[in-house]
$ cat run.cif   # mmCIF, C-alpha atoms and all ligand atoms
data_coords
#
loop_
_atom_site.label_atom_id
_atom_site.label_comp_id
_atom_site.auth_asym_id
_atom_site.auth_seq_id
_atom_site.Cartn_x
_atom_site.Cartn_y
_atom_site.Cartn_z
CA MET A 1299 -10.44 -19.13 -11.01
CA VAL A 1300 -13.24 -16.68 -11.92
CA ALA A 1301 -13.71 -13.82 -9.48
CA ARG A 1302 -16.03 -10.82 -9.25
CA PRO A 1303 -14.18 -7.52 -9.40
CA LEU A 1304 -13.11 -6.60 -5.87
CA PRO A 1305 -14.04 -2.99 -5.01
CA ILE A 1306 -10.88 -1.29 -3.77
CA GLY A 1307 -9.98 2.16 -2.48
CA ILE A 1308 -6.41 3.45 -2.76
CA LEU A 1309 -4.98 5.83 -0.15
CA VAL A 1310 -2.03 7.97 -1.25
CA SER A 1311 0.09 10.85 0.01
CA GLY A 1312 2.62 11.57 -2.73
CA ARG A 1313 4.11 10.41 -6.00
CA GLY A 1314 1.52 7.77 -6.87
CA SER A 1315 3.65 5.27 -8.79
CA ASN A 1316 2.19 2.24 -6.97
CA MET A 1317 -1.32 3.60 -7.54
CA GLU A 1318 -0.47 3.81 -11.25
CA ALA A 1319 0.90 0.25 -11.35
CA ILE A 1320 -2.30 -1.01 -9.74
CA ALA A 1321 -4.49 1.06 -12.06
CA ASP A 1322 -2.58 -0.29 -15.10
CA ALA A 1323 -3.03 -3.88 -13.93
CA VAL A 1324 -6.75 -3.33 -13.30
CA ALA A 1325 -7.22 -1.57 -16.66
CA CYS A 1326 -5.58 -4.38 -18.64
CA GLY A 1327 -7.70 -6.99 -16.87
CA SER A 1328 -4.90 -8.81 -15.06
CA VAL A 1329 -6.27 -7.90 -11.62
CA PRO A 1330 -10.01 -8.51 -11.06
CA ALA A 1331 -10.64 -5.34 -9.08
CA ARG A 1332 -12.46 -2.02 -9.49
CA ILE A 1333 -10.88 1.17 -8.20
CA GLN A 1334 -13.83 2.91 -6.53
CA VAL A 1335 -11.89 5.89 -5.25
CA VAL A 1336 -8.39 7.30 -4.69
CA ILE A 1337 -8.05 9.41 -1.54
CA SER A 1338 -5.10 11.59 -0.54
CA ASP A 1339 -4.40 13.29 2.77
CA ARG A 1340 -2.37 15.95 0.92
CA PRO A 1341 -3.93 18.23 -1.72
CA GLU A 1342 -0.57 18.63 -3.52
CA ALA A 1343 -0.05 14.87 -3.97
CA ARG A 1344 0.91 14.07 -7.55
CA ALA A 1345 -1.06 10.84 -7.16
CA LEU A 1346 -4.33 12.81 -7.10
CA GLU A 1347 -3.56 14.47 -10.42
CA LEU A 1348 -2.49 11.15 -11.97
CA ALA A 1349 -5.68 9.44 -10.76
CA ARG A 1350 -7.90 12.20 -12.17
CA ARG A 1351 -6.08 12.08 -15.50
CA ARG A 1352 -6.99 8.41 -15.70
CA GLY A 1353 -10.63 9.22 -15.04
CA LEU A 1354 -10.59 7.69 -11.57
CA LYS A 1355 -12.68 9.23 -8.82
CA ALA A 1356 -10.20 11.05 -6.60
CA CYS A 1357 -10.53 13.32 -3.60
CA CYS A 1358 -8.52 14.82 -0.77
CA LEU A 1359 -9.37 14.62 2.92
CA GLU A 1360 -7.07 16.94 4.81
CA PRO A 1361 -6.35 16.12 8.46
CA ARG A 1362 -6.33 19.82 9.40
CA ASP A 1363 -10.03 20.04 8.51
CA TYR A 1364 -10.89 17.64 11.36
CA PRO A 1365 -10.72 18.29 15.11
CA SER A 1366 -8.97 15.00 15.99
CA ARG A 1367 -7.30 11.94 14.56
CA GLN A 1368 -10.41 9.96 15.49
CA ALA A 1369 -12.66 12.36 13.54
CA TYR A 1370 -10.34 12.19 10.54
CA ASP A 1371 -10.23 8.39 10.53
CA GLN A 1372 -14.02 8.28 10.88
CA ALA A 1373 -14.48 10.53 7.85
CA LEU A 1374 -11.98 8.47 5.87
CA ALA A 1375 -13.75 5.21 6.71
CA ALA A 1376 -17.15 6.73 5.94
CA THR A 1377 -15.96 7.92 2.51
CA LEU A 1378 -14.54 4.50 1.67
CA LYS A 1379 -17.71 2.75 2.86
CA LYS A 1380 -19.89 5.15 0.87
CA GLU A 1381 -17.93 4.16 -2.25
CA GLY A 1382 -18.50 0.47 -1.50
CA VAL A 1383 -14.81 -0.25 -0.86
CA GLU A 1384 -14.02 -3.72 0.52
CA LEU A 1385 -10.22 -3.62 0.33
CA VAL A 1386 -8.27 -0.53 1.39
CA VAL A 1387 -4.90 -0.32 -0.37
CA LEU A 1388 -2.28 1.97 1.15
CA ALA A 1389 0.07 3.11 -1.61
CA GLY A 1390 2.54 5.53 -0.05
CA PHE A 1391 -0.09 6.75 2.45
CA MET A 1392 2.01 8.28 5.20
CA ARG A 1393 -0.42 8.26 8.14
CA LEU A 1394 -0.97 5.64 10.81
CA LEU A 1395 -4.56 4.38 10.88
CA SER A 1396 -6.32 3.95 14.22
CA GLN A 1397 -7.73 0.67 15.51
CA ASP A 1398 -11.25 2.15 15.12
CA PHE A 1399 -10.59 2.59 11.41
CA LEU A 1400 -9.09 -0.89 11.03
CA ASP A 1401 -12.05 -2.49 12.86
CA GLN A 1402 -14.29 -1.29 10.04
CA PHE A 1403 -12.28 -3.26 7.45
CA PRO A 1404 -11.32 -6.55 9.14
CA ASP A 1405 -8.36 -8.11 7.25
CA GLY A 1406 -9.22 -5.52 4.65
CA VAL A 1407 -6.35 -3.02 4.77
CA ILE A 1408 -2.99 -3.69 3.09
CA ASN A 1409 0.23 -1.74 2.75
CA ILE A 1410 3.44 -1.90 0.77
CA HIS A 1411 6.74 -1.13 2.46
CA PRO A 1412 10.10 -0.71 0.69
CA ALA A 1413 12.13 -3.11 2.88
CA LEU A 1414 12.09 -6.72 4.00
CA LEU A 1415 10.03 -6.39 7.18
CA PRO A 1416 10.45 -6.72 10.09
CA ALA A 1417 13.74 -5.02 9.19
CA PHE A 1418 13.69 -1.26 8.62
CA PRO A 1419 10.08 -0.23 9.37
CA GLY A 1420 9.05 3.42 9.22
CA LEU A 1421 10.31 6.24 7.04
CA ASN A 1422 13.30 6.15 4.64
CA ALA A 1423 13.51 2.36 4.74
CA GLN A 1424 15.65 2.07 1.61
CA ARG A 1425 18.27 4.48 2.98
CA LYS A 1426 18.28 2.75 6.38
CA ALA A 1427 18.88 -0.65 4.72
CA TRP A 1428 21.67 0.81 2.55
CA GLU A 1429 23.33 2.50 5.55
CA TYR A 1430 23.13 -0.71 7.58
CA GLY A 1431 25.03 -2.50 4.82
CA VAL A 1432 22.60 -5.33 4.07
CA LYS A 1433 23.36 -7.38 0.95
CA PHE A 1434 19.71 -7.95 0.07
CA SER A 1435 16.67 -5.78 0.54
CA GLY A 1436 13.28 -5.62 -1.15
CA CYS A 1437 9.66 -4.88 -0.44
CA THR A 1438 6.88 -6.32 1.69
CA VAL A 1439 3.11 -6.34 1.26
CA HIS A 1440 1.35 -6.86 4.59
CA PHE A 1441 -2.00 -6.56 6.29
CA VAL A 1442 -2.15 -3.38 8.33
CA ASP A 1443 -2.50 -3.36 12.09
CA ALA A 1444 -2.26 -0.41 14.46
CA GLY A 1445 1.57 -0.54 14.59
CA THR A 1446 4.09 0.89 12.16
CA ASP A 1447 4.61 -1.72 9.42
CA THR A 1448 3.98 -4.57 11.87
CA GLY A 1449 1.00 -6.46 10.40
CA PRO A 1450 1.01 -10.04 9.03
CA ILE A 1451 3.18 -10.42 5.93
CA ILE A 1452 1.45 -11.53 2.72
CA ALA A 1453 4.37 -11.44 0.27
CA GLN A 1454 7.90 -10.18 -0.17
CA ALA A 1455 10.24 -9.62 -3.10
CA VAL A 1456 14.01 -9.57 -2.73
CA VAL A 1457 16.58 -7.47 -4.60
CA PRO A 1458 20.38 -7.51 -4.27
CA VAL A 1459 22.24 -4.50 -2.91
CA LYS A 1460 25.20 -3.78 -5.18
CA ASP A 1461 28.56 -2.40 -4.06
CA ASP A 1462 28.11 0.75 -6.12
CA ASP A 1463 24.50 1.36 -5.08
CA THR A 1464 23.39 4.64 -3.59
CA PRO A 1465 20.16 4.89 -1.56
CA GLU A 1466 18.55 6.20 -4.75
CA THR A 1467 19.64 3.36 -7.05
CA LEU A 1468 18.60 0.81 -4.43
CA ALA A 1469 15.20 2.52 -4.02
CA ALA A 1470 14.71 2.44 -7.80
CA ARG A 1471 15.48 -1.32 -7.93
CA ILE A 1472 13.05 -1.96 -5.08
CA LEU A 1473 10.36 0.17 -6.74
CA VAL A 1474 10.38 -2.04 -9.84
CA GLU A 1475 9.53 -4.99 -7.57
CA GLU A 1476 6.86 -2.97 -5.71
CA HIS A 1477 5.09 -2.29 -8.99
CA ARG A 1478 5.11 -6.01 -9.82
CA LEU A 1479 4.26 -7.38 -6.37
CA TYR A 1480 1.45 -5.07 -5.23
CA PRO A 1481 -0.95 -5.77 -8.15
CA GLU A 1482 -0.16 -9.48 -7.82
CA VAL A 1483 -1.18 -9.53 -4.14
CA ILE A 1484 -4.39 -7.62 -4.91
CA LYS A 1485 -5.15 -10.27 -7.53
CA TRP A 1486 -4.66 -13.06 -4.93
CA LEU A 1487 -6.97 -11.28 -2.51
CA ALA A 1488 -9.60 -10.65 -5.19
CA GLU A 1489 -9.49 -14.32 -6.11
CA GLY A 1490 -9.96 -15.37 -2.47
CA ARG A 1491 -6.65 -17.22 -2.41
CA VAL A 1492 -5.31 -15.67 0.81
CA THR A 1493 -5.98 -17.20 4.22
CA MET A 1494 -4.62 -16.40 7.66
CA GLN A 1495 -3.76 -18.52 10.68
CA GLY A 1496 -2.75 -16.09 13.40
CA ARG A 1497 0.11 -14.10 11.90
CA ARG A 1498 0.81 -16.68 9.23
CA VAL A 1499 -0.62 -15.80 5.85
CA LYS A 1500 -1.00 -18.51 3.23
CA VAL A 1501 -1.57 -18.10 -0.49
CA LYS A 1502 -3.10 -20.86 -2.58
CA ILE A 1503 -1.12 -21.03 -5.81
C1 LIG A 1601 6.78 3.48 -1.96
O1 LIG A 1601 8.15 3.18 -2.09
C2 LIG A 1601 6.19 2.74 -0.78
O2 LIG A 1601 6.74 1.46 -0.60
C3 LIG A 1601 6.55 3.65 0.36
O3 LIG A 1601 6.33 4.95 -0.14
C4 LIG A 1601 6.58 4.94 -1.54
C5 LIG A 1601 5.40 5.56 -2.22
O4 LIG A 1601 5.67 5.75 -3.59
N1 LIG A 1601 5.77 3.40 1.53
C6 LIG A 1601 6.25 3.43 2.77
O5 LIG A 1601 7.40 3.74 3.03
C7 LIG A 1601 5.26 3.03 3.85
N2 LIG A 1601 5.94 2.77 5.09
P1 LIG A 1601 4.52 5.97 -4.63
O6 LIG A 1601 3.67 7.13 -4.09
O7 LIG A 1601 5.22 6.33 -5.90
O8 LIG A 1601 3.72 4.70 -4.73
#
$ encode --input "run.cif" --output "structure tokens"
Amino acid sequence: MVARPLPIGILVSGRGSNMEAIADAVACGSVPARIQVVISDRPEARALELARRRGLKACCLEPRDYPSRQAYDQALAATLKKEGVELVVLAGFMRLLSQDFLDQFPDGVINIHPALLPAFPGLNAQRKAWEYGVKFSGCTVHFVDAGTDTGPIIAQAVVPVKDDDTPETLAARILVEEHRLYPEVIKWLAEGRVTMQGRRVKVKI
């Protein structure tokens, strides 16, 4: 299927490994998207530095520079719109987005979470899954709604939890799958292969 490059914006807060995996997949032509801008809410985020090194447009919008959450989300949406972004990709972006923000990108904001949702939403998901004693975990890519990791699920990847795992080794195994799954889902969206019926998301293979 031939698709026009989908203009995406990537929101980050930290390490930036998912942003890099997406940028690699875009650069080698396996995902028909264009990264219009990378935006961080933290000036010290390594992701910003990595994005700039790749020649991507990257900037920081710091919440403390805005009088309210609403004002921050408005500025964020305005920046993304100004850059022509149609799909907002959260890649380790650690802020909840308001309904006002989401309304400006209908079915146009996605997130990756390092657990098999709806299990273990929120922070430190890999550690929570390990402490619970699950035998399988993984990652989930989902549309974003105003809740914490509650939006409709697009795709999941499963990894085993081994007896000698630590939270760190489990997180590393999950991260490998994140880097594979996230670009793949962006490709499906760019190719118009994703449809939704209520909460149920279908992908045309
Ligand atoms: C990733 O593991 C991602 O799944 C997780 O943050 C990490 C960011 O790493 N996101 C969440 O926990 C969201 N609830 P990265 O900056 O190297 O991509």
$ closest_residue --input "run.cif" --among "A:Val1457, A:Ala1427, A:Leu1385, A:Ala1356" --to "Ala1331 of chain A" --atoms "all atoms listed in the file"
A:Leu1385
$ atom_distance --input "run.cif" --atom1 "atom CA of Ser1396 of chain A" --atom2 "atom CA of Val1324 of chain A"
28.5 Å
$ residues_around --input "run.cif" --residues "Val1499 of chain A" --least-positions-apart "6" --cutoff "9 Å" --atoms "all atoms listed in the file" --output "list in words"
Pro1450, Ile1451, Ile1452, Ala1453, Val1492 and Thr1493 of chain A
$ atom_distance --input "run.cif" --atom1 "atom CA of Leu1346 of chain A" --atom2 "atom CA of Arg1332 of chain A"
17.1 Å
$ axis_aligned_box --input "run.cif" --around "segment 1336-1355 of chain A" --padding-each-side "8 Å" --output "JSON"
{"center_x": -5.9, "center_y": 13.0, "center_z": -6.5, "size_x": 29.6, "size_y": 27.3, "size_z": 34.5}
$ closest_atom_pairs --input "run.cif" --of "chain A" --to "ligand LIG 1601 (chain A)" --cutoff "8 Å" --atoms "only C-alpha atoms and all ligand atoms" --output "JSON lines"
{"residue": "A:Val1310", "atom": "CA", "partner": "A:LIG1601", "partner_atom": "O6", "distance": 6.4}
{"residue": "A:Ser1311", "atom": "CA", "partner": "A:LIG1601", "partner_atom": "O6", "distance": 6.6}
{"residue": "A:Gly1312", "atom": "CA", "partner": "A:LIG1601", "partner_atom": "O6", "distance": 4.8}
{"residue": "A:Arg1313", "atom": "CA", "partner": "A:LIG1601", "partner_atom": "O6", "distance": 3.8}
{"residue": "A:Gly1314", "atom": "CA", "partner": "A:LIG1601", "partner_atom": "O6", "distance": 3.6}
{"residue": "A:Ser1315", "atom": "CA", "partner": "A:LIG1601", "partner_atom": "O7", "distance": 3.5}
{"residue": "A:Asn1316", "atom": "CA", "partner": "A:LIG1601", "partner_atom": "O8", "distance": 3.7}
{"residue": "A:Met1317", "atom": "CA", "partner": "A:LIG1601", "partner_atom": "O8", "distance": 5.9}
{"residue": "A:Glu1318", "atom": "CA", "partner": "A:LIG1601", "partner_atom": "O8", "distance": 7.8}
{"residue": "A:Ala1345", "atom": "CA", "partner": "A:LIG1601", "partner_atom": "O6", "distance": 6.7}
{"residue": "A:Ala1389", "atom": "CA", "partner": "A:LIG1601", "partner_atom": "O8", "distance": 5.1}
{"residue": "A:Gly1390", "atom": "CA", "partner": "A:LIG1601", "partner_atom": "C5", "distance": 3.6}
{"residue": "A:Phe1391", "atom": "CA", "partner": "A:LIG1601", "partner_atom": "C7", "distance": 6.7}
{"residue": "A:Met1392", "atom": "CA", "partner": "A:LIG1601", "partner_atom": "C7", "distance": 6.3}
{"residue": "A:Asn1409", "atom": "CA", "partner": "A:LIG1601", "partner_atom": "C7", "distance": 7.0}
{"residue": "A:Ile1410", "atom": "CA", "partner": "A:LIG1601", "partner_atom": "O2", "distance": 4.9}
{"residue": "A:His1411", "atom": "CA", "partner": "A:LIG1601", "partner_atom": "O2", "distance": 4.0}
{"residue": "A:Pro1412", "atom": "CA", "partner": "A:LIG1601", "partner_atom": "O2", "distance": 4.2}
{"residue": "A:Ala1413", "atom": "CA", "partner": "A:LIG1601", "partner_atom": "O2", "distance": 7.9}
{"residue": "A:Pro1419", "atom": "CA", "partner": "A:LIG1601", "partner_atom": "N2", "distance": 6.7}
{"residue": "A:Gly1420", "atom": "CA", "partner": "A:LIG1601", "partner_atom": "N2", "distance": 5.2}
{"residue": "A:Leu1421", "atom": "CA", "partner": "A:LIG1601", "partner_atom": "O5", "distance": 5.5}
{"residue": "A:Asn1422", "atom": "CA", "partner": "A:LIG1601", "partner_atom": "O5", "distance": 6.6}
{"residue": "A:Ala1423", "atom": "CA", "partner": "A:LIG1601", "partner_atom": "O5", "distance": 6.5}
{"residue": "A:Cys1437", "atom": "CA", "partner": "A:LIG1601", "partner_atom": "O2", "distance": 7.0}
{"residue": "A:Thr1446", "atom": "CA", "partner": "A:LIG1601", "partner_atom": "N2", "distance": 7.5}
{"residue": "A:Asp1447", "atom": "CA", "partner": "A:LIG1601", "partner_atom": "N2", "distance": 6.4}
{"residue": "A:Ala1469", "atom": "CA", "partner": "A:LIG1601", "partner_atom": "O1", "distance": 7.3}
{"residue": "A:Ile1472", "atom": "CA", "partner": "A:LIG1601", "partner_atom": "O1", "distance": 7.7}
{"residue": "A:Leu1473", "atom": "CA", "partner": "A:LIG1601", "partner_atom": "O1", "distance": 6.0}
{"residue": "A:Glu1476", "atom": "CA", "partner": "A:LIG1601", "partner_atom": "O2", "distance": 6.8}
$ residues_around --input "run.cif" --residues "Ser1328 of chain A" --least-positions-apart "2" --cutoff "12 Å" --atoms "only C-alpha atoms" --output "PyMOL selection string"
chain A and resi 1300-1301+1303+1319-1326+1330-1332+1478+1481-1486+1488-1489
$ atom_distance --input "run.cif" --atom1 "atom CA of Leu1359 of chain A" --atom2 "atom CA of Glu1381 of chain A"
14.5 Å
$ residues_around --input "run.cif" --residues "Asp1371 of chain A" --least-positions-apart "3" --cutoff "12 Å" --atoms "all atoms listed in the file" --output "PDB file with C-alpha atoms, in the coordinates of the input"
ATOM      1  CA  ASP A1339      -4.400  13.290   2.770  1.00  0.00           C
ATOM      2  CA  LEU A1359      -9.370  14.620   2.920  1.00  0.00           C
ATOM      3  CA  GLU A1360      -7.070  16.940   4.810  1.00  0.00           C
ATOM      4  CA  PRO A1361      -6.350  16.120   8.460  1.00  0.00           C
ATOM      5  CA  ASP A1363     -10.030  20.040   8.510  1.00  0.00           C
ATOM      6  CA  TYR A1364     -10.890  17.640  11.360  1.00  0.00           C
ATOM      7  CA  PRO A1365     -10.720  18.290  15.110  1.00  0.00           C
ATOM      8  CA  SER A1366      -8.970  15.000  15.990  1.00  0.00           C
ATOM      9  CA  ARG A1367      -7.300  11.940  14.560  1.00  0.00           C
ATOM     10  CA  GLN A1368     -10.410   9.960  15.490  1.00  0.00           C
ATOM     11  CA  LEU A1374     -11.980   8.470   5.870  1.00  0.00           C
ATOM     12  CA  ALA A1375     -13.750   5.210   6.710  1.00  0.00           C
ATOM     13  CA  ALA A1376     -17.150   6.730   5.940  1.00  0.00           C
ATOM     14  CA  THR A1377     -15.960   7.920   2.510  1.00  0.00           C
ATOM     15  CA  LEU A1378     -14.540   4.500   1.670  1.00  0.00           C
ATOM     16  CA  ARG A1393      -0.420   8.260   8.140  1.00  0.00           C
ATOM     17  CA  LEU A1394      -0.970   5.640  10.810  1.00  0.00           C
ATOM     18  CA  LEU A1395      -4.560   4.380  10.880  1.00  0.00           C
ATOM     19  CA  SER A1396      -6.320   3.950  14.220  1.00  0.00           C
ATOM     20  CA  GLN A1397      -7.730   0.670  15.510  1.00  0.00           C
ATOM     21  CA  ASP A1398     -11.250   2.150  15.120  1.00  0.00           C
ATOM     22  CA  PHE A1399     -10.590   2.590  11.410  1.00  0.00           C
ATOM     23  CA  LEU A1400      -9.090  -0.890  11.030  1.00  0.00           C
ATOM     24  CA  ASP A1401     -12.050  -2.490  12.860  1.00  0.00           C
ATOM     25  CA  GLN A1402     -14.290  -1.290  10.040  1.00  0.00           C
TER      26      GLN A1402
END
$ closest_residue --input "run.cif" --among "A:Asp1443, A:Glu1466, A:Glu1429, A:Asp1405" --to "Gln1495 of chain A" --atoms "only C-alpha atoms"
A:Asp1405
$ residues_around --input "run.cif" --residues "Val1456 of chain A" --least-positions-apart "2" --cutoff "7 Å" --atoms "all atoms listed in the file" --output "list of chain:residue names"
A:Phe1434, A:Ser1435, A:Gly1436, A:Cys1437, A:Gln1454, A:Pro1458
$ closest_residue --input "run.cif" --among "A:Arg1471, A:Lys1500, A:His1477, A:His1440" --to "Val1386 of chain A" --atoms "all atoms listed in the file"
A:His1440
$ closest_residue --input "run.cif" --among "A:Arg1425, A:Arg1498, A:Arg1302, A:Arg1352" --to "Ala1470 of chain A" --atoms "all atoms listed in the file"
A:Arg1425
$ build_atoms --input "run.cif" --residues "segment 1339-1364 of chain A" --atoms "N, CA and C atoms" --output "PDB file, keeping the file's coordinate frame"
ATOM      1  N   ASP A1339      -4.335  12.405   1.600  1.00  0.00           N
ATOM      2  CA  ASP A1339      -4.400  13.290   2.770  1.00  0.00           C
ATOM      3  C   ASP A1339      -3.678  14.607   2.488  1.00  0.00           C
ATOM      4  N   ARG A1340      -3.099  14.719   1.274  1.00  0.00           N
ATOM      5  CA  ARG A1340      -2.370  15.950   0.920  1.00  0.00           C
ATOM      6  C   ARG A1340      -2.885  16.455  -0.429  1.00  0.00           C
ATOM      7  N   PRO A1341      -3.358  17.710  -0.462  1.00  0.00           N
ATOM      8  CA  PRO A1341      -3.930  18.230  -1.720  1.00  0.00           C
ATOM      9  C   PRO A1341      -2.897  18.300  -2.840  1.00  0.00           C
ATOM     10  N   GLU A1342      -1.606  18.458  -2.474  1.00  0.00           N
ATOM     11  CA  GLU A1342      -0.570  18.630  -3.520  1.00  0.00           C
ATOM     12  C   GLU A1342      -0.046  17.290  -4.046  1.00  0.00           C
ATOM     13  N   ALA A1343      -0.577  16.181  -3.555  1.00  0.00           N
ATOM     14  CA  ALA A1343      -0.050  14.870  -3.970  1.00  0.00           C
ATOM     15  C   ALA A1343      -0.184  14.686  -5.480  1.00  0.00           C
ATOM     16  N   ARG A1344       0.921  14.308  -6.109  1.00  0.00           N
ATOM     17  CA  ARG A1344       0.910  14.070  -7.550  1.00  0.00           C
ATOM     18  C   ARG A1344      -0.045  12.919  -7.887  1.00  0.00           C
ATOM     19  N   ALA A1345      -0.178  11.998  -6.952  1.00  0.00           N
ATOM     20  CA  ALA A1345      -1.060  10.840  -7.160  1.00  0.00           C
ATOM     21  C   ALA A1345      -2.491  11.255  -7.477  1.00  0.00           C
ATOM     22  N   LEU A1346      -2.952  12.338  -6.869  1.00  0.00           N
ATOM     23  CA  LEU A1346      -4.330  12.810  -7.100  1.00  0.00           C
ATOM     24  C   LEU A1346      -4.504  13.214  -8.558  1.00  0.00           C
ATOM     25  N   GLU A1347      -3.543  13.988  -9.033  1.00  0.00           N
ATOM     26  CA  GLU A1347      -3.560  14.470 -10.420  1.00  0.00           C
ATOM     27  C   GLU A1347      -3.506  13.286 -11.396  1.00  0.00           C
ATOM     28  N   LEU A1348      -2.627  12.336 -11.099  1.00  0.00           N
ATOM     29  CA  LEU A1348      -2.490  11.150 -11.970  1.00  0.00           C
ATOM     30  C   LEU A1348      -3.793  10.345 -11.994  1.00  0.00           C
ATOM     31  N   ALA A1349      -4.431  10.216 -10.838  1.00  0.00           N
ATOM     32  CA  ALA A1349      -5.680   9.440 -10.760  1.00  0.00           C
ATOM     33  C   ALA A1349      -6.765  10.131 -11.583  1.00  0.00           C
ATOM     34  N   ARG A1350      -6.861  11.445 -11.438  1.00  0.00           N
ATOM     35  CA  ARG A1350      -7.900  12.200 -12.170  1.00  0.00           C
ATOM     36  C   ARG A1350      -7.683  12.107 -13.673  1.00  0.00           C
ATOM     37  N   ARG A1351      -6.401  12.188 -14.072  1.00  0.00           N
ATOM     38  CA  ARG A1351      -6.080  12.080 -15.500  1.00  0.00           C
ATOM     39  C   ARG A1351      -6.523  10.749 -16.089  1.00  0.00           C
ATOM     40  N   ARG A1352      -6.547   9.737 -15.251  1.00  0.00           N
ATOM     41  CA  ARG A1352      -6.990   8.410 -15.700  1.00  0.00           C
ATOM     42  C   ARG A1352      -8.507   8.255 -15.626  1.00  0.00           C
ATOM     43  N   GLY A1353      -9.178   9.303 -15.154  1.00  0.00           N
ATOM     44  CA  GLY A1353     -10.630   9.220 -15.040  1.00  0.00           C
ATOM     45  C   GLY A1353     -11.092   8.497 -13.788  1.00  0.00           C
ATOM     46  N   LEU A1354     -10.182   8.321 -12.830  1.00  0.00           N
ATOM     47  CA  LEU A1354     -10.590   7.690 -11.570  1.00  0.00           C
ATOM     48  C   LEU A1354     -11.187   8.746 -10.651  1.00  0.00           C
ATOM     49  N   LYS A1355     -12.125   8.315  -9.818  1.00  0.00           N
ATOM     50  CA  LYS A1355     -12.680   9.230  -8.820  1.00  0.00           C
ATOM     51  C   LYS A1355     -11.599   9.490  -7.783  1.00  0.00           C
ATOM     52  N   ALA A1356     -11.296  10.741  -7.525  1.00  0.00           N
ATOM     53  CA  ALA A1356     -10.200  11.050  -6.600  1.00  0.00           C
ATOM     54  C   ALA A1356     -10.571  12.242  -5.748  1.00  0.00           C
ATOM     55  N   CYS A1357     -10.240  12.181  -4.467  1.00  0.00           N
ATOM     56  CA  CYS A1357     -10.530  13.320  -3.600  1.00  0.00           C
ATOM     57  C   CYS A1357      -9.472  13.440  -2.513  1.00  0.00           C
ATOM     58  N   CYS A1358      -9.489  14.583  -1.847  1.00  0.00           N
ATOM     59  CA  CYS A1358      -8.520  14.820  -0.770  1.00  0.00           C
ATOM     60  C   CYS A1358      -9.282  15.036   0.529  1.00  0.00           C
ATOM     61  N   LEU A1359      -8.862  14.349   1.563  1.00  0.00           N
ATOM     62  CA  LEU A1359      -9.370  14.620   2.920  1.00  0.00           C
ATOM     63  C   LEU A1359      -8.174  15.111   3.718  1.00  0.00           C
ATOM     64  N   GLU A1360      -8.213  16.372   4.114  1.00  0.00           N
ATOM     65  CA  GLU A1360      -7.070  16.940   4.810  1.00  0.00           C
ATOM     66  C   GLU A1360      -7.232  16.852   6.323  1.00  0.00           C
ATOM     67  N   PRO A1361      -6.260  16.271   7.008  1.00  0.00           N
ATOM     68  CA  PRO A1361      -6.350  16.120   8.460  1.00  0.00           C
ATOM     69  C   PRO A1361      -6.671  17.431   9.188  1.00  0.00           C
ATOM     70  N   ARG A1362      -6.136  18.550   8.674  1.00  0.00           N
ATOM     71  CA  ARG A1362      -6.330  19.820   9.400  1.00  0.00           C
ATOM     72  C   ARG A1362      -7.800  20.279   9.395  1.00  0.00           C
ATOM     73  N   ASP A1363      -8.609  19.681   8.535  1.00  0.00           N
ATOM     74  CA  ASP A1363     -10.030  20.040   8.510  1.00  0.00           C
ATOM     75  C   ASP A1363     -10.843  19.283   9.566  1.00  0.00           C
ATOM     76  N   TYR A1364     -10.176  18.444  10.355  1.00  0.00           N
ATOM     77  CA  TYR A1364     -10.890  17.640  11.360  1.00  0.00           C
ATOM     78  C   TYR A1364     -10.304  17.922  12.735  1.00  0.00           C
TER      79      TYR A1364
END
